[in-house]
$ cat start.cif   # mmCIF, C-alpha atoms
data_final
loop_
_atom_site.group_PDB
_atom_site.id
_atom_site.type_symbol
_atom_site.label_atom_id
_atom_site.label_comp_id
_atom_site.auth_asym_id
_atom_site.auth_seq_id
_atom_site.Cartn_x
_atom_site.Cartn_y
_atom_site.Cartn_z
ATOM 1 C CA THR A 25 18.512 -29.649 -33.919
ATOM 2 C CA GLY A 26 15.090 -29.192 -32.440
ATOM 3 C CA THR A 27 13.066 -27.271 -29.918
ATOM 4 C CA LYS A 28 11.550 -28.934 -26.880
ATOM 5 C CA THR A 29 8.083 -28.215 -25.542
ATOM 6 C CA SER A 30 6.238 -29.844 -22.700
ATOM 7 C CA SER A 31 3.002 -29.841 -20.832
ATOM 8 C CA THR A 32 3.731 -30.839 -17.241
ATOM 9 C CA SER A 33 2.005 -32.748 -14.487
ATOM 10 C CA ALA A 34 3.773 -34.438 -11.570
ATOM 11 C CA SER A 35 7.129 -34.771 -13.241
ATOM 12 C CA PRO A 36 9.701 -32.431 -11.571
ATOM 13 C CA ASN A 37 12.021 -32.463 -14.606
ATOM 14 C CA SER A 38 9.493 -31.515 -17.271
ATOM 15 C CA PHE A 39 9.994 -28.560 -19.612
ATOM 16 C CA SER A 40 7.751 -25.517 -19.964
ATOM 17 C CA TYR A 41 9.061 -23.500 -22.914
ATOM 18 C CA ALA A 42 5.959 -23.302 -25.088
ATOM 19 C CA SER A 43 2.626 -24.940 -25.766
ATOM 20 C CA PRO A 44 2.647 -27.889 -28.155
ATOM 21 C CA PRO A 45 1.386 -27.240 -31.694
ATOM 22 C CA THR A 46 -1.982 -28.432 -32.933
ATOM 23 C CA LEU A 47 -1.221 -31.537 -34.986
ATOM 24 C CA ASP A 48 -3.300 -33.833 -37.110
ATOM 25 C CA PRO A 49 -2.990 -37.308 -35.542
ATOM 26 C CA SER A 50 -4.214 -38.847 -38.789
ATOM 27 C CA ARG A 51 -0.866 -38.079 -40.469
ATOM 28 C CA PRO A 52 1.743 -40.192 -38.653
ATOM 29 C CA THR A 53 4.566 -41.517 -40.790
ATOM 30 C CA ASN A 54 5.144 -45.184 -41.534
ATOM 31 C CA GLU A 55 7.955 -45.277 -39.030
ATOM 32 C CA SER A 56 5.839 -44.041 -36.121
ATOM 33 C CA SER A 57 4.361 -47.404 -35.101
ATOM 34 C CA ASP A 58 7.732 -49.164 -34.955
ATOM 35 C CA PHE A 59 9.286 -46.212 -33.152
ATOM 36 C CA LEU A 60 6.375 -46.156 -30.701
ATOM 37 C CA ASN A 61 6.593 -49.871 -29.944
ATOM 38 C CA SER A 62 10.344 -49.762 -29.355
ATOM 39 C CA LEU A 63 10.151 -46.810 -26.966
ATOM 40 C CA ALA A 64 7.040 -47.909 -25.145
ATOM 41 C CA SER A 65 8.653 -51.256 -24.354
ATOM 42 C CA THR A 66 11.711 -49.568 -22.805
ATOM 43 C CA GLU A 67 11.039 -49.241 -19.078
ATOM 44 C CA ASP A 68 14.093 -47.079 -18.328
ATOM 45 C CA LEU A 69 12.964 -44.222 -20.573
ATOM 46 C CA GLY A 70 9.726 -43.676 -18.718
ATOM 47 C CA VAL A 71 7.995 -42.973 -22.026
ATOM 48 C CA GLY A 72 4.424 -44.077 -22.435
ATOM 49 C CA THR A 73 3.782 -43.018 -26.058
ATOM 50 C CA CYS A 74 5.807 -41.651 -28.963
ATOM 51 C CA VAL A 75 4.302 -40.307 -32.192
ATOM 52 C CA LEU A 76 6.239 -39.053 -35.229
ATOM 53 C CA TRP A 77 4.570 -36.596 -37.648
ATOM 54 C CA ARG A 78 5.562 -34.806 -40.815
ATOM 55 C CA VAL A 79 3.872 -31.457 -40.222
ATOM 56 C CA PRO A 80 3.173 -29.184 -43.224
ATOM 57 C CA ILE A 81 4.344 -25.574 -42.921
ATOM 58 C CA SER A 82 2.267 -22.679 -44.215
ATOM 59 C CA VAL A 83 4.424 -19.903 -45.712
ATOM 60 C CA LYS A 84 2.685 -17.263 -47.808
ATOM 61 C CA ASP A 85 5.769 -15.781 -49.490
ATOM 62 C CA PRO A 86 6.946 -18.208 -52.247
ATOM 63 C CA LYS A 87 10.521 -16.880 -52.064
ATOM 64 C CA GLN A 88 10.608 -17.451 -48.324
ATOM 65 C CA ALA A 89 9.064 -20.881 -48.755
ATOM 66 C CA GLU A 90 12.011 -21.951 -50.879
ATOM 67 C CA MET A 91 14.216 -21.727 -47.795
ATOM 68 C CA TYR A 92 12.153 -24.266 -45.891
ATOM 69 C CA ASP A 93 11.344 -27.900 -46.370
ATOM 70 C CA ALA A 94 7.773 -28.577 -47.404
ATOM 71 C CA GLU A 95 7.325 -30.356 -44.099
ATOM 72 C CA HIS A 96 9.126 -30.442 -40.772
ATOM 73 C CA THR A 97 9.551 -33.497 -38.607
ATOM 74 C CA THR A 98 7.864 -33.227 -35.201
ATOM 75 C CA VAL A 99 8.336 -35.865 -32.493
ATOM 76 C CA LEU A 100 5.986 -36.096 -29.497
ATOM 77 C CA LEU A 101 7.129 -37.975 -26.380
ATOM 78 C CA ILE A 102 4.327 -38.524 -23.872
ATOM 79 C CA GLY A 103 5.507 -39.533 -20.406
ATOM 80 C CA ARG A 104 3.688 -42.001 -18.157
ATOM 81 C CA GLN A 105 3.055 -39.243 -15.586
ATOM 82 C CA GLY A 106 1.442 -36.956 -18.137
ATOM 83 C CA SER A 107 4.415 -34.844 -19.295
ATOM 84 C CA LEU A 108 4.560 -34.071 -22.992
ATOM 85 C CA PHE A 109 7.771 -33.354 -24.907
ATOM 86 C CA VAL A 110 7.581 -31.890 -28.409
ATOM 87 C CA PHE A 111 10.695 -31.823 -30.607
ATOM 88 C CA ARG A 112 10.335 -29.725 -33.751
ATOM 89 C CA GLU A 113 12.928 -29.675 -36.505
ATOM 90 C CA ARG A 114 14.384 -26.215 -37.092
ATOM 91 C CA SER A 115 14.222 -24.633 -40.538
ATOM 92 C CA LEU A 116 17.181 -24.876 -42.902
ATOM 93 C CA ALA A 117 17.820 -21.124 -42.662
ATOM 94 C CA THR A 118 17.895 -21.285 -38.850
ATOM 95 C CA ARG A 119 20.319 -24.193 -38.851
ATOM 96 C CA ILE A 120 22.652 -22.511 -41.340
ATOM 97 C CA ASN A 121 22.623 -19.247 -39.370
ATOM 98 C CA PHE A 122 23.338 -21.205 -36.198
ATOM 99 C CA LEU A 123 26.451 -22.741 -37.797
ATOM 100 C CA THR A 124 27.785 -19.601 -39.480
ATOM 101 C CA GLU A 125 27.419 -17.519 -36.327
ATOM 102 C CA ARG A 126 29.754 -19.991 -34.642
ATOM 103 C CA GLY A 127 32.268 -20.040 -37.480
ATOM 104 C CA LEU A 128 31.326 -23.547 -38.627
ATOM 105 C CA TYR A 129 31.302 -22.564 -42.297
ATOM 106 C CA SER A 130 32.285 -25.890 -43.844
ATOM 107 C CA GLN A 131 29.502 -27.622 -41.898
ATOM 108 C CA ALA A 132 27.011 -24.953 -42.999
ATOM 109 C CA ILE A 133 28.020 -25.397 -46.643
ATOM 110 C CA ALA A 134 27.726 -29.180 -46.349
ATOM 111 C CA LEU A 135 24.249 -28.793 -44.829
ATOM 112 C CA ALA A 136 23.110 -26.430 -47.611
ATOM 113 C CA GLU A 137 24.466 -28.726 -50.320
ATOM 114 C CA HIS A 138 22.754 -31.712 -48.738
ATOM 115 C CA ALA A 139 19.473 -29.795 -48.613
ATOM 116 C CA LYS A 140 19.927 -28.773 -52.248
ATOM 117 C CA ARG A 141 20.230 -32.402 -53.325
ATOM 118 C CA LYS A 142 16.974 -33.197 -51.519
ATOM 119 C CA THR A 143 14.960 -30.269 -52.872
ATOM 120 C CA ARG A 144 13.176 -29.849 -56.159
ATOM 121 C CA ASP A 145 14.463 -27.714 -59.057
ATOM 122 C CA LEU A 146 12.174 -24.913 -57.828
ATOM 123 C CA LYS A 147 14.435 -24.399 -54.817
ATOM 124 C CA SER A 148 17.819 -24.748 -56.550
ATOM 125 C CA ASN A 149 18.334 -21.017 -57.175
ATOM 126 C CA MET A 150 17.710 -20.143 -53.538
ATOM 127 C CA ALA A 151 19.938 -23.000 -52.370
ATOM 128 C CA ASN A 152 22.733 -21.859 -54.696
ATOM 129 C CA ASP A 153 22.452 -18.339 -53.322
ATOM 130 C CA VAL A 154 22.704 -19.605 -49.747
ATOM 131 C CA ILE A 155 25.745 -21.751 -50.602
ATOM 132 C CA ALA A 156 27.454 -18.812 -52.321
ATOM 133 C CA LYS A 157 26.776 -16.500 -49.379
ATOM 134 C CA VAL A 158 28.157 -18.964 -46.825
ATOM 135 C CA THR A 159 31.161 -19.675 -49.073
ATOM 136 C CA SER A 160 31.887 -15.944 -49.208
ATOM 137 C CA LEU A 161 31.765 -15.713 -45.412
ATOM 138 C CA TYR A 162 34.048 -18.729 -45.145
ATOM 139 C CA ALA A 163 36.553 -17.253 -47.604
ATOM 140 C CA LYS A 164 36.572 -13.947 -45.704
ATOM 141 C CA SER A 165 37.301 -15.779 -42.454
ATOM 142 C CA LEU A 166 40.229 -17.536 -44.156
ATOM 143 C CA LEU A 167 41.563 -14.177 -45.344
ATOM 144 C CA ASP A 168 41.394 -12.892 -41.784
ATOM 145 C CA LYS A 169 43.581 -15.853 -40.797
ATOM 146 C CA ARG A 170 45.930 -15.031 -43.727
ATOM 147 C CA GLU A 171 45.275 -18.420 -45.296
ATOM 148 C CA PHE A 172 45.426 -16.968 -48.792
ATOM 149 C CA ASP A 173 45.550 -20.185 -50.829
ATOM 150 C CA ALA A 174 42.537 -21.664 -49.046
ATOM 151 C CA ALA A 175 40.629 -18.365 -49.367
ATOM 152 C CA ALA A 176 41.403 -18.213 -53.095
ATOM 153 C CA ARG A 177 40.003 -21.714 -53.588
ATOM 154 C CA GLU A 178 36.744 -20.704 -51.907
ATOM 155 C CA TYR A 179 36.443 -17.466 -53.890
ATOM 156 C CA MET A 180 37.025 -19.417 -57.098
ATOM 157 C CA LYS A 181 33.844 -21.384 -56.349
ATOM 158 C CA ILE A 182 31.710 -18.213 -56.451
ATOM 159 C CA LEU A 183 33.372 -16.411 -59.351
ATOM 160 C CA THR A 184 30.163 -16.230 -61.354
ATOM 161 C CA THR A 185 28.065 -14.913 -58.450
ATOM 162 C CA ASP A 186 27.752 -11.383 -57.081
ATOM 163 C CA HIS A 187 28.801 -12.321 -53.545
ATOM 164 C CA ALA A 188 32.451 -11.331 -54.014
ATOM 165 C CA LEU A 189 33.654 -8.748 -56.556
ATOM 166 C CA PRO A 190 36.805 -9.974 -58.336
ATOM 167 C CA SER A 191 38.439 -6.559 -57.978
ATOM 168 C CA TRP A 192 38.011 -6.692 -54.199
ATOM 169 C CA VAL A 193 39.233 -10.296 -53.998
ATOM 170 C CA ILE A 194 42.359 -9.414 -56.013
ATOM 171 C CA LEU A 195 43.181 -6.558 -53.637
ATOM 172 C CA GLN A 196 42.990 -8.988 -50.719
ATOM 173 C CA LEU A 197 45.005 -11.775 -52.347
ATOM 174 C CA ILE A 198 47.737 -9.428 -53.490
ATOM 175 C CA GLU A 199 48.699 -9.077 -49.821
ATOM 176 C CA GLN A 200 50.034 -12.645 -49.856
ATOM 177 C CA PRO A 201 53.825 -12.539 -49.486
ATOM 178 C CA VAL A 202 56.481 -13.955 -51.832
ATOM 179 C CA LEU A 203 54.912 -16.176 -54.542
ATOM 180 C CA ARG A 204 51.256 -15.026 -54.366
ATOM 181 C CA THR A 205 50.100 -18.500 -55.332
ATOM 182 C CA GLY A 206 46.546 -17.735 -54.245
ATOM 183 C CA LEU A 207 46.354 -14.718 -56.538
ATOM 184 C CA ILE A 208 47.822 -16.702 -59.442
ATOM 185 C CA ALA A 209 45.243 -19.469 -59.006
ATOM 186 C CA TYR A 210 42.398 -16.937 -58.780
ATOM 187 C CA LEU A 211 43.508 -15.028 -61.893
ATOM 188 C CA GLU A 212 43.849 -18.261 -63.843
ATOM 189 C CA ALA A 213 40.336 -19.250 -62.788
ATOM 190 C CA MET A 214 39.043 -15.851 -63.919
ATOM 191 C CA HIS A 215 40.493 -16.375 -67.395
ATOM 192 C CA GLN A 216 39.150 -19.910 -67.598
ATOM 193 C CA ALA A 217 35.698 -18.524 -66.746
ATOM 194 C CA GLY A 218 36.029 -15.855 -69.435
ATOM 195 C CA LEU A 219 36.106 -13.003 -66.902
ATOM 196 C CA GLY A 220 39.691 -11.838 -67.390
ATOM 197 C CA GLY A 221 40.506 -8.564 -69.128
ATOM 198 C CA ALA A 222 43.711 -6.846 -70.240
ATOM 199 C CA TYR A 223 44.475 -5.692 -66.690
ATOM 200 C CA HIS A 224 44.084 -9.227 -65.353
ATOM 201 C CA ARG A 225 46.306 -10.660 -68.095
ATOM 202 C CA LYS A 226 49.032 -8.163 -67.283
ATOM 203 C CA LEU A 227 48.748 -8.855 -63.560
ATOM 204 C CA LEU A 228 48.932 -12.610 -64.148
ATOM 205 C CA VAL A 229 52.045 -12.288 -66.313
ATOM 206 C CA SER A 230 53.605 -10.066 -63.644
ATOM 207 C CA CYS A 231 52.954 -12.763 -61.011
ATOM 208 C CA TYR A 232 54.527 -15.347 -63.309
ATOM 209 C CA GLY A 233 57.582 -13.146 -63.725
ATOM 210 C CA HIS A 234 58.032 -12.651 -59.986
ATOM 211 C CA ARG A 235 57.664 -16.371 -59.373
ATOM 212 C CA ARG A 236 60.352 -17.212 -61.920
ATOM 213 C CA ALA A 237 62.653 -14.579 -60.451
ATOM 214 C CA TYR A 238 62.158 -16.124 -57.020
ATOM 215 C CA TYR A 239 63.151 -19.585 -58.205
ATOM 216 C CA ARG A 240 66.123 -18.199 -60.121
ATOM 217 C CA SER A 241 67.373 -16.584 -56.916
ATOM 218 C CA LEU A 242 66.979 -19.909 -55.117
ATOM 219 C CA HIS A 243 68.995 -21.572 -57.850
ATOM 220 C CA GLN A 244 71.786 -19.072 -57.409
ATOM 221 C CA GLN A 245 71.806 -19.418 -53.620
ATOM 222 C CA ALA A 246 71.677 -23.219 -53.611
ATOM 223 C CA SER A 247 74.350 -24.095 -56.107
ATOM 224 C CA GLU A 248 74.764 -27.533 -54.539
ATOM 225 C CA GLN A 249 71.280 -28.487 -55.865
ATOM 226 C CA PRO A 250 71.076 -26.771 -59.227
ATOM 227 C CA HIS A 251 69.159 -29.468 -61.050
ATOM 228 C CA ALA A 252 66.223 -29.436 -58.628
ATOM 229 C CA SER A 253 65.815 -25.679 -59.040
ATOM 230 C CA GLU A 254 66.110 -25.828 -62.806
ATOM 231 C CA SER A 255 63.481 -28.559 -62.961
ATOM 232 C CA SER A 256 61.038 -26.503 -60.845
ATOM 233 C CA THR A 257 61.555 -23.430 -63.002
ATOM 234 C CA LEU A 258 61.170 -25.465 -66.187
ATOM 235 C CA ASP A 259 57.914 -27.019 -64.985
ATOM 236 C CA PHE A 260 56.472 -23.578 -64.209
ATOM 237 C CA SER A 261 57.683 -22.153 -67.520
ATOM 238 C CA GLN A 262 56.011 -24.826 -69.619
ATOM 239 C CA LYS A 263 52.713 -24.597 -67.732
ATOM 240 C CA GLU A 264 52.693 -20.796 -67.878
ATOM 241 C CA SER A 265 53.432 -20.717 -71.604
ATOM 242 C CA LEU A 266 50.683 -23.204 -72.408
ATOM 243 C CA PHE A 267 48.170 -21.405 -70.207
ATOM 244 C CA LEU A 268 48.906 -17.979 -71.717
ATOM 245 C CA SER A 269 48.589 -19.444 -75.187
ATOM 246 C CA SER A 270 45.188 -20.885 -74.229
ATOM 247 C CA VAL A 271 44.156 -17.463 -72.878
ATOM 248 C CA ALA A 272 44.946 -15.956 -76.275
ATOM 249 C CA CYS A 273 42.605 -18.514 -77.838
ATOM 250 C CA ARG A 274 39.647 -17.189 -75.850
ATOM 251 C CA GLY A 275 38.378 -14.714 -78.395
ATOM 252 C CA LEU A 276 41.277 -12.223 -78.246
ATOM 253 C CA ASP A 277 41.721 -10.064 -81.318
ATOM 254 C CA PRO A 278 45.196 -9.747 -82.952
ATOM 255 C CA LYS A 279 45.877 -6.455 -81.149
ATOM 256 C CA ALA A 280 45.148 -8.012 -77.756
ATOM 257 C CA ILE A 281 47.361 -11.008 -78.599
ATOM 258 C CA ASP A 282 50.218 -8.679 -79.566
ATOM 259 C CA SER A 283 49.723 -6.814 -76.290
ATOM 260 C CA LEU A 284 49.943 -10.090 -74.348
ATOM 261 C CA ILE A 285 53.160 -10.987 -76.165
ATOM 262 C CA ASP A 286 54.665 -7.584 -75.360
ATOM 263 C CA VAL A 287 53.764 -7.937 -71.672
ATOM 264 C CA CYS A 288 55.510 -11.324 -71.583
ATOM 265 C CA ARG A 289 58.603 -9.805 -73.162
ATOM 266 C CA GLU A 290 58.609 -6.949 -70.639
ATOM 267 C CA MET A 291 58.630 -9.491 -67.794
ATOM 268 C CA SER A 292 61.410 -11.493 -69.506
ATOM 269 C CA LEU A 293 59.070 -14.422 -70.158
ATOM 270 C CA TYR A 294 60.558 -14.903 -73.613
ATOM 271 C CA ASP A 295 59.575 -18.566 -73.912
ATOM 272 C CA SER A 296 55.944 -17.718 -73.126
ATOM 273 C CA ALA A 297 55.985 -14.809 -75.582
ATOM 274 C CA LEU A 298 57.404 -17.092 -78.274
ATOM 275 C CA GLN A 299 54.821 -19.802 -77.534
ATOM 276 C CA VAL A 300 51.922 -17.372 -77.896
ATOM 277 C CA ALA A 301 53.381 -15.789 -81.039
ATOM 278 C CA GLN A 302 53.980 -19.121 -82.760
ATOM 279 C CA ASP A 303 50.621 -20.639 -81.784
ATOM 280 C CA HIS A 304 48.741 -17.618 -83.156
ATOM 281 C CA LYS A 305 50.916 -17.035 -86.230
ATOM 282 C CA ARG A 306 52.227 -13.612 -85.219
ATOM 283 C CA GLU A 307 55.283 -13.924 -87.493
ATOM 284 C CA PHE A 308 56.572 -10.413 -86.910
ATOM 285 C CA LYS A 309 56.507 -10.937 -83.148
ATOM 286 C CA VAL A 310 58.271 -14.284 -83.558
ATOM 287 C CA ALA A 311 61.054 -12.546 -85.480
ATOM 288 C CA GLN A 312 61.375 -9.820 -82.819
ATOM 289 C CA ILE A 313 61.688 -12.367 -80.022
ATOM 290 C CA LEU A 314 64.252 -14.516 -81.852
ATOM 291 C CA LEU A 315 66.393 -11.589 -82.983
ATOM 292 C CA LEU A 316 66.141 -9.061 -80.166
ATOM 293 C CA ASP A 317 65.290 -10.745 -76.906
ATOM 294 C CA GLU A 318 67.763 -12.376 -74.591
ATOM 295 C CA LYS A 319 67.342 -16.052 -73.854
ATOM 296 C CA ASP A 320 67.595 -17.612 -70.402
#
$ encode --input "start.cif" --output "structure tokens"
Amino acid sequence: TGTKTSSTSASPNSFSYASPPTLDPSRPTNESSDFLNSLASTEDLGVGTCVLWRVPISVKDPKQAEMYDAEHTTVLLIGRQGSLFVFRERSLATRINFLTERGLYSQAIALAEHAKRKTRDLKSNMANDVIAKVTSLYAKSLLDKREFDAAAREYMKILTTDHALPSWVILQLIEQPVLRTGLIAYLEAMHQAGLGGAYHRKLLVSCYGHRRAYYRSLHQQASEQPHASESSTLDFSQKESLFLSSVACRGLDPKAIDSLIDVCREMSLYDSALQVAQDHKREFKVAQILLLDEKD
């Protein structure tokens, strides 16, 4: 994307948006001579001269400078009748704002990530902040479309930033009907990042319980395909039990582990409760589950 400037003479189609910048003709790039020769030899273009510069930008604020390339590309097209066309590359911030204002979030993120790969380490923090901000806007737009799973995946990318509070994200994802797969994925990501607390563990177990109840009801309603339903429930049960056991390994004290086991028992996730109790040597809890709890 660029801006066009021209100084006009006899050409009726010339532009008159702004005056061309003052450039140093001693700083053309290596490509300028080849580019010039190719264009100058093309009669149909009506171009007499073309010069390509890398123009340095003067920005006094170092934080603001991080949002811009050290240099911008400027192309000058000089017509045979005296018209001058100047194409200046827009700043990264301008291009990203242009895309986000039009709802092109994935393109804006791709542009910011590409710019991050090109920049030095000095600019990485600013680039990360821009990517997180655009990702948050993208996730919010997905929520507005009620695409909960896709929104959850985007919010998971910015869990460790301050662009989306987990408590607010949870309140949005809990609106997903039936299985709440987006909320489950987000809560699991929170625990993997070490951000989950007792409330989040209880909410995750509750989601697991509702999901199992849903598949049990499907099994009862579709008696002609019982094995498919049982297999689906079994796959979820094993994954849930292993994940909850891994959560208990993340620095939980014995009291917190016992609380997690009790929450699993309350939601009738007896296999998960037993897995956690056995893996963490909570013998008394193991005995309670084996003697008192019903088995599916």
$ residues_around --input "start.cif" --residues "segment 220-230 of chain A" --least-positions-apart "6" --cutoff "8 Å" --atoms "all atoms listed in the file" --output "PDB file with C-alpha atoms, in the frame of the given file"
ATOM      1  CA  ILE A 208      47.822 -16.702 -59.442  1.00  0.00           C
ATOM      2  CA  LEU A 211      43.508 -15.028 -61.893  1.00  0.00           C
ATOM      3  CA  GLU A 212      43.849 -18.261 -63.843  1.00  0.00           C
ATOM      4  CA  MET A 214      39.043 -15.851 -63.919  1.00  0.00           C
ATOM      5  CA  ALA A 280      45.148  -8.012 -77.756  1.00  0.00           C
ATOM      6  CA  LEU A 284      49.943 -10.090 -74.348  1.00  0.00           C
ATOM      7  CA  VAL A 287      53.764  -7.937 -71.672  1.00  0.00           C
ATOM      8  CA  CYS A 288      55.510 -11.324 -71.583  1.00  0.00           C
ATOM      9  CA  MET A 291      58.630  -9.491 -67.794  1.00  0.00           C
TER      10      MET A 291
END
$ closest_residue --input "start.cif" --among "A:Lys309, A:Phe111, A:Asp153, A:Lys140" --to "Lys279 of chain A" --atoms "all atoms listed in the file"
A:Lys309
$ resolve_selection --input "start.cif" --expression "the PyMOL selection byres ((chain A and resi 163) around 8)" --output "list in words"
Thr159, Ser160, Leu161, Tyr162, Lys164, Ser165, Leu166, Leu167, Ala174, Ala175, Ala176, Glu178 and Tyr179 of chain A
$ closest_residue --input "start.cif" --among "A:Leu315, A:Pro278, A:Arg236, A:Gln244" --to "Phe260 of chain A" --atoms "all atoms listed in the file"
A:Arg236
$ closest_residue --input "start.cif" --among "A:Leu276, A:Ala213, A:Ile120, A:Leu293" --to "Tyr232 of chain A" --atoms "all atoms listed in the file"
A:Leu293
$ atom_distance --input "start.cif" --atom1 "atom CA of Asp317 of chain A" --atom2 "atom CA of Tyr294 of chain A"
7.1 Å
$ closest_residue --input "start.cif" --among "A:Met150, A:Asp286, A:Thr205, A:Ala117" --to "Leu135 of chain A" --atoms "all atoms listed in the file"
A:Ala117
